[in-house]
Amino acid sequence: MSVVDSDTRRFTLISGHGEPSGSAGQEEGLADVLTLQRRGFHPSSRDAKEALYQDTLAEYCWARDVAGLAATTLNQLVQPVIEICTFHGVLPWELSSRMLDQYFAGPGKRAHSTVRKKITSIDQYFAFLEQRYAGEILRRFGAAVESPVDAFNQPRHRGDFGLRIPPSRAEMKAFFGSWRQELETARKYPVAVRNYVMAKTAYLSGARATELCLVRLGDLHWDSGQWGRFLVRGKGARGSGPREREAFMFAEGRELLWWYVENVRGLFPDNCLDPYASLFPSERLPTALGVDLPIAPTMCADTFRRSLRRASLAHLKGTVTVLFPHLLRHACATHNYEDGMPLWDVQVLLGHEWPTTTVGYLATAKGDPERASLESSQRAVRRLSGEA
């Protein structure tokens, strides 16, 4: 009976009664079953090993895609495996703990957080390899699959995240004021205004750079809430995939976005009336396809980071002289909390699932226990007076 799996698999012959056995000396009465995973060339050849290696990488990405991981995460899953195997010129099941140590202690040595992330990705790939391919690899190549990450080189999370200290509210106000005055003389006025509006929206709403890049014109809901809200596609947690949530405009953000959409968004070379058009588009339309696209591609998050860095070096005065998008998110949380916004509301503003995550954003917040105690007493008086 012939069975075919795919173009890369060969026809498999399952021997039955009256058919020749697959190998000399095989015991009578036992059928020679060739699994669908076997190749059409010698099972121990280098080509067979390389082909199986490529299959495992592809199937691992498929499995994680089914699990719901984001596309950006999928692109980074197997890069550390390819990196270290290419360096040593070996296949994954030929990789040893000594090779791993030699690479990450030498040519592959990076920041501790980067090394930890790469080694964790390698260990997760080997868990997949052991679960699904260990038996086939042992049978075909005589190699045992074992993760090179052991109890001695497994990295520990040492809390290697630095304390992010955002500028004060007064410094942020002066920064945006100075940047705004420069817009009229910018060489590319629409691009300069786009970068400015995007940065201030990130500061007012607490949205991430990648979230703002994906906002479309149809995601602006002007009638939601008191000042309007907009839909963002945030990052997932524990393999849940991207999560949608509503970000808040507030009064200042509503006025800013309304002005931008009415006066500046139409200056970009695409159809700004399309609800699927990006709110913050790229200034260039792709020309490689040879067709006129009605919608410009979204702005790249790295482009936003570079523009924010240049603007902060030119206009931000004070102890903090360089801004990056996530620091705007910290500034949003800190300043709102210092102005009296409860922790629960700050958590909703940032889109966090757990309040402990929000607390990490408030490490530099200057609390006032005396003011909180006075406000608590005043609330108690008002409640008792209402009951009386």
# chains A, B, ... in the order shown; residues from 1 in each chain; ligands from 1
call {"tool": "residues_around", "arguments": {"residues": "region 318-323 of chain A", "least_positions_apart": "2", "cutoff": "8 Å", "atoms": "only C-alpha atoms", "output": "list in words"}}
result
Ile165, Pro166, Pro167, Glu171, Leu308, Arg309, Ser312, Leu313, Leu316, Pro325, Leu327 and Leu328 of chain A
call {"tool": "write_last_selection", "arguments": {"atoms": "N, CA and C atoms", "output": "short mmCIF file (atom, residue, chain, number, x, y, z; two decimals), in the first residue's frame"}}
result
data_model
loop_
_atom_site.label_atom_id
_atom_site.label_comp_id
_atom_site.auth_asym_id
_atom_site.auth_seq_id
_atom_site.Cartn_x
_atom_site.Cartn_y
_atom_site.Cartn_z
N ILE A 165 13.49 56.82 34.85
CA ILE A 165 13.11 58.06 35.51
C ILE A 165 12.61 59.03 34.43
N PRO A 166 11.31 59.29 34.38
CA PRO A 166 10.78 60.18 33.35
C PRO A 166 11.00 61.64 33.74
N PRO A 167 10.97 62.55 32.77
CA PRO A 167 11.04 63.97 33.10
C PRO A 167 9.82 64.41 33.90
N GLU A 171 8.83 69.79 32.73
CA GLU A 171 9.80 69.56 31.66
C GLU A 171 9.13 69.01 30.41
N LEU A 308 11.78 60.69 17.94
CA LEU A 308 11.62 61.13 19.32
C LEU A 308 12.98 61.40 19.96
N ARG A 309 13.95 60.60 19.65
CA ARG A 309 15.29 60.81 20.20
C ARG A 309 15.88 62.13 19.70
N SER A 312 14.09 65.04 21.41
CA SER A 312 14.43 65.21 22.83
C SER A 312 15.82 65.81 22.99
N LEU A 313 16.75 65.40 22.14
CA LEU A 313 18.10 65.98 22.22
C LEU A 313 18.09 67.46 21.87
N LEU A 316 14.51 68.95 24.81
CA LEU A 316 14.27 68.58 26.21
C LEU A 316 15.41 69.09 27.09
N PRO A 325 10.05 55.89 23.41
CA PRO A 325 8.60 55.74 23.56
C PRO A 325 8.15 55.15 24.89
N LEU A 327 9.51 55.41 27.73
CA LEU A 327 9.65 56.39 28.81
C LEU A 327 8.47 57.35 28.82
N LEU A 328 7.88 57.61 27.66
CA LEU A 328 6.64 58.40 27.62
C LEU A 328 5.52 57.67 28.34
#
call {"tool": "residues_around", "arguments": {"residues": "region 280-285 of chain A", "least_positions_apart": "5", "cutoff": "12 Å", "atoms": "only C-alpha atoms", "output": "number ranges by chain"}}
result
A: 188-199, 201, 209-217, 257, 260-261, 264-272, 290-301, 303-304
call {"tool": "closest_residue", "arguments": {"among": "A:Arg254, A:Arg243, A:His335, A:His112", "to": "Gly225 (chain A)", "atoms": "only C-alpha atoms"}}
result
A:Arg254
call {"tool": "atom_distance", "arguments": {"atom1": "CA of Gly135 (chain A)", "atom2": "CA of Trp93 (chain A)"}}
result
12.0 Å
call {"tool": "atom_distance", "arguments": {"atom1": "CA of Phe152 (chain A)", "atom2": "CA of Ser113 (chain A)"}}
result
17.2 Å
call {"tool": "atom_distance", "arguments": {"atom1": "CA of Phe176 (chain A)", "atom2": "CA of Ala365 (chain A)"}}
result
21.2 Å
call {"tool": "closest_residue", "arguments": {"among": "A:Met172, A:Ala247, A:Leu138, A:Cys85", "to": "Gly234 (chain A)", "atoms": "only C-alpha atoms"}}
result
A:Ala247
call {"tool": "select_by_dssp", "arguments": {"residues": "region 87-274 of chain A", "states": "strand (DSSP E)", "output": "list in words"}}
result
Leu220, His221, Arg229, Phe230, Leu231, Val232, Arg233, Gly234, Arg243, Glu244, Arg245, Glu246, Ala247 and Phe248 of chain A
